[in-house]
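K.L.:
Before I ask anything, here is the structure I am working with.
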Amino acid sequence: MDSTAALAAYDQQIRQSPDPEGPGGRVEGADGVIRHVGAAAHDWNGVLWSDLDPATADAAIAAQVRLFTGLGREFEWKLYSHDLPADLPERLLAAGFAPEPAETLMVTEVDALPLDAAAPEGIELVPVTDEAGVRLMVAAHDRAFGSDGAALGRQVLDQLTAAPDTLAVVVALAGDEPVSSARIEFRPGTDFAGLWGGGTVAAWRGRGIYRALIAHRARLAAARGVRYLQVDASSESRPILRRLGFAELATTTPYVYRPGEPLSPGAR
């Protein structure tokens with residue numbers, strides 16, 4: 001895979017030309033950024049792409065803060081390591097954003113992936129198609145990540161209802177117990193599909209569930225003629241993905257602005 005070409009395609013097709021998420025969501029280009037504005041309180045809001053320089057960055061940041069604060073929304077500036085200007089992270093900190101853990105943008109060509117990895121003994125991969133399935137997905141998410149996945153569950157249910165062809169969700173069950181879950185988001189008109197989730201309950205890690213979930217979703221992508229799979233990988237999943245042939249193209253850090261919170265430490 002030509003990593004330079006893949007990153008350029010990702011920036012152009014996914015970051016600069018995103019589709020709205022959820023019913024009523026909208027994509028807007030203004031002030032040198034491309035942002036997503038959700039319609040519902042649980043929808044994702046944030047900046048996906050920026051084309052800024054030292055002369056325009058602070059005004060663009062302030063404009064996003066005014067917009068989303070006016071809507072009463074928390075929002076995320078999804079910053080990539082090759083974004084400009086080079087001091088954009090410091091400018092976001094100064095404006096009151098708080099960084100969350102960085103992830104690694106990893107991409108592979110679908111044709112290069114092994115597609116035959118099966119679920120380990122005692123695990124069944126079950127497609128999610130309805131509200132009951134989403135509840136299982138959220139339960140697996142909450143146990144794997146130790147966080148509240150209620151808002152994610154509402155987002156997934158909205159997407160399954162309004163645009164089922166753009167999303168496939170699977171839960172790994174040990175008997176009746178949900179121990180992992182994963183999603184693939186299809187982006188019609190692009191070369192990419194995105195892999196999300198994959199967190200596994202601690203007692204079931206190291207048994208091949210994550211690898212099986214990758215292969216399951218890769219088979220779905222191959223059936224649709226998708227060229228690339230993309231993952232925002234954590235430090236835990238990065239070694240597995242590297243062994244499967246994913247290439248590291250950039251790092252990505254969510255900078256989150258929460259209205260009413262004080263400036264983060266180190267802000268100027």
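Identifiers in this document derive from the order of the structure tokens: chains are assigned A, B, ..., residues are numbered from 1 separately in each chain, and ligands are numbered from 1 in order of occurrence.
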For the contact check between region 36-139 of chain A and region 237-245 of chain A, emit one row per residue of region 36-139 of chain A within 8 Å, containing the shortest atom pair and the distance in Å rounded to one decimal, counting only C-alpha atoms, chain then rising number order, as a Markdown table.
P.N.:
```
| residue | atom | partner | partner_atom | distance |
| --- | --- | --- | --- | --- |
| A:Thr104 | CA | A:Arg238 | CA | 7.6 |
| A:Met106 | CA | A:Leu241 | CA | 7.9 |
| A:Thr108 | CA | A:Gly245 | CA | 6.5 |
| A:Ala112 | CA | A:Gly245 | CA | 7.3 |
| A:Leu113 | CA | A:Leu244 | CA | 6.5 |
| A:Pro114 | CA | A:Leu244 | CA | 7.4 |
```
K.L.:
Counting only C-alpha atoms, which residues of region 21-103 of chain A sit at most 9 Å from some atom of region 147-159 of chain A, and what is each one's closest atom pair with its distance in Å to one decimal, listed by chain and rising residue number, as a Markdown table?
P.N.:
```
| residue | atom | partner | partner_atom | distance |
| --- | --- | --- | --- | --- |
| A:Glu21 | CA | A:Gln159 | CA | 7.7 |
| A:Gly22 | CA | A:Gln159 | CA | 5.7 |
| A:Pro23 | CA | A:Asp158 | CA | 7.1 |
| A:Ala41 | CA | A:Ala151 | CA | 8.9 |
| A:His42 | CA | A:Ala151 | CA | 5.4 |
| A:Asp43 | CA | A:Gln155 | CA | 6.4 |
| A:Trp44 | CA | A:Gln155 | CA | 8.4 |
```
K.L.:
Extract, using only C-alpha atoms, all DNA, RNA and protein residues at most 12 Å from Ala5 (chain A), discarding same-chain residues fewer than 3 positions from it, and format them as a list in words.
P.N.:
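Listed by chain and then number, they are Met1, Asp2, Ala8, Ala9, Tyr10, Asp11, Gln12, Gln13, Val107, Thr108, Asp191, Tyr228 and Leu249 of chain A.
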K.L.:
So which one's closest to Asp111 (chain A), A:Ala55, A:Val226, A:Ala202, A:Val37? Using only C-alpha atoms, please.
P.N.:
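For Asp111 (chain A), the nearest of the given residues is A:Val226.
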K.L.:
Report as JSON lines: every residue of region 188-226 of chain A with an atom at most 9 Å from region 132-144 of chain A, its closest pair of atoms, and their distance in Å to one decimal, counting only C-alpha atoms, with rows sorted by chain and ascending residue number.
P.N.:
```
{"residue": "A:Gly197", "atom": "CA", "partner": "A:His141", "partner_atom": "CA", "distance": 7.7}
{"residue": "A:Gly198", "atom": "CA", "partner": "A:His141", "partner_atom": "CA", "distance": 8.5}
{"residue": "A:Gly199", "atom": "CA", "partner": "A:Ala144", "partner_atom": "CA", "distance": 5.4}
{"residue": "A:Thr200", "atom": "CA", "partner": "A:Ala144", "partner_atom": "CA", "distance": 5.0}
{"residue": "A:Val201", "atom": "CA", "partner": "A:Ala144", "partner_atom": "CA", "distance": 4.3}
{"residue": "A:Ala202", "atom": "CA", "partner": "A:Ala144", "partner_atom": "CA", "distance": 6.6}
```
K.L.:
Output N, CA, C and O atoms for every residue in that selection, as an mmCIF file, in the first residue's frame.
P.N.:
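After the write, result_30.cif holds the following:
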```cif
data_model
loop_
_atom_site.group_PDB
_atom_site.id
_atom_site.type_symbol
_atom_site.label_atom_id
_atom_site.label_comp_id
_atom_site.auth_asym_id
_atom_site.auth_seq_id
_atom_site.Cartn_x
_atom_site.Cartn_y
_atom_site.Cartn_z
ATOM 1 N N GLY A 197 -15.012 0.412 17.834
ATOM 2 C CA GLY A 197 -15.288 -0.532 18.914
ATOM 3 C C GLY A 197 -14.236 -1.620 18.960
ATOM 4 O O GLY A 197 -13.060 -1.388 18.685
ATOM 5 N N GLY A 198 -14.654 -2.817 19.302
ATOM 6 C CA GLY A 198 -13.722 -3.936 19.403
ATOM 7 C C GLY A 198 -13.186 -4.158 20.803
ATOM 8 O O GLY A 198 -12.399 -5.075 21.025
ATOM 9 N N GLY A 199 -13.595 -3.315 21.753
ATOM 10 C CA GLY A 199 -13.157 -3.521 23.132
ATOM 11 C C GLY A 199 -13.711 -4.823 23.694
ATOM 12 O O GLY A 199 -14.873 -5.165 23.466
ATOM 13 N N THR A 200 -12.894 -5.553 24.435
ATOM 14 C CA THR A 200 -13.264 -6.861 24.958
ATOM 15 C C THR A 200 -13.167 -6.862 26.483
ATOM 16 O O THR A 200 -12.239 -6.285 27.059
ATOM 17 N N VAL A 201 -14.125 -7.503 27.131
ATOM 18 C CA VAL A 201 -14.124 -7.637 28.587
ATOM 19 C C VAL A 201 -12.813 -8.291 29.021
ATOM 20 O O VAL A 201 -12.320 -9.229 28.386
ATOM 21 N N ALA A 202 -12.240 -7.791 30.109
ATOM 22 C CA ALA A 202 -10.877 -8.167 30.504
ATOM 23 C C ALA A 202 -10.668 -9.673 30.566
ATOM 24 O O ALA A 202 -9.641 -10.186 30.099
#
```
K.L.:
Taking only C-alpha atoms into account, name the residue in A:Val110, A:Leu160, A:Leu105, A:Ala250 that is nearest to Asp83 (chain A).
P.N.:
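Counting only C-alpha atoms, the residue closest to Asp83 (chain A) is A:Ala250.
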K.L.:
From region 100-169 of chain A, collect each residue whose DSSP state is alpha helix (DSSP H) and return the set as a ChimeraX atom specification.
P.N.:
/A:131-145,150-162
K.L.:
Set out as a Markdown table a contact list for region 195-260 of chain A and region 64-80 of chain A with a cut-off of 9 Å, giving each residue of region 195-260 of chain A that qualifies its closest atom pair and distance in Å to one decimal, counting only C-alpha atoms, ordered by chain and rising residue number.
P.N.:
```
| residue | atom | partner | partner_atom | distance |
| --- | --- | --- | --- | --- |
| A:Ala250 | CA | A:Tyr80 | CA | 6.7 |
| A:Thr251 | CA | A:Tyr80 | CA | 5.8 |
| A:Thr252 | CA | A:Tyr80 | CA | 4.4 |
| A:Thr253 | CA | A:Leu79 | CA | 5.3 |
| A:Pro254 | CA | A:Lys78 | CA | 4.7 |
| A:Tyr255 | CA | A:Trp77 | CA | 5.0 |
| A:Val256 | CA | A:Glu76 | CA | 4.4 |
| A:Tyr257 | CA | A:Phe75 | CA | 5.5 |
| A:Arg258 | CA | A:Glu74 | CA | 4.7 |
| A:Pro259 | CA | A:Thr69 | CA | 6.0 |
| A:Gly260 | CA | A:Thr69 | CA | 8.9 |
```
K.L.:
For Ala168 (chain A), which residue among A:Ala212, A:Leu93, A:Ile184, A:Ala62 is the nearest when counting only C-alpha atoms?
P.N.:
A:Ile184
K.L.:
In Å, rounded to a single decimal, give me how far CA of Ser234 (chain A) is from CA of Ala163 (chain A).
P.N.:
27.6 Å
K.L.:
Given only C-alpha atoms as the basis, pick out the residue of A:Thr166, A:Ser180, A:Ser235, A:Thr190 nearest to Arg15 (chain A).
P.N.:
A:Thr190
K.L.:
What is the CA of Ile214 (chain A) to CA of Asp176 (chain A) distance in Å?
P.N.:
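Spanning CA of Ile214 (chain A) to CA of Asp176 (chain A) is a straight-line distance of 21.6 Å.
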K.L.:
Give the answer as one residue: which of A:Glu103, A:Ala203, A:His36, A:Ile123 has the shortest atom-to-atom distance to Glu236 (chain A), using only C-alpha atoms?
P.N.:
A:Glu103
K.L.:
Among region 50-233 of chain A, which residues does DSSP mark as strand (DSSP E or B) when it is run on the backbone? Keep the chain and numbering as in the structure and answer as a VMD selection string.
P.N.:
chain A and resid 50 75 to 80 98 to 99 103 to 109 124 to 128 167 to 174 177 to 186 192 to 200 228 to 233
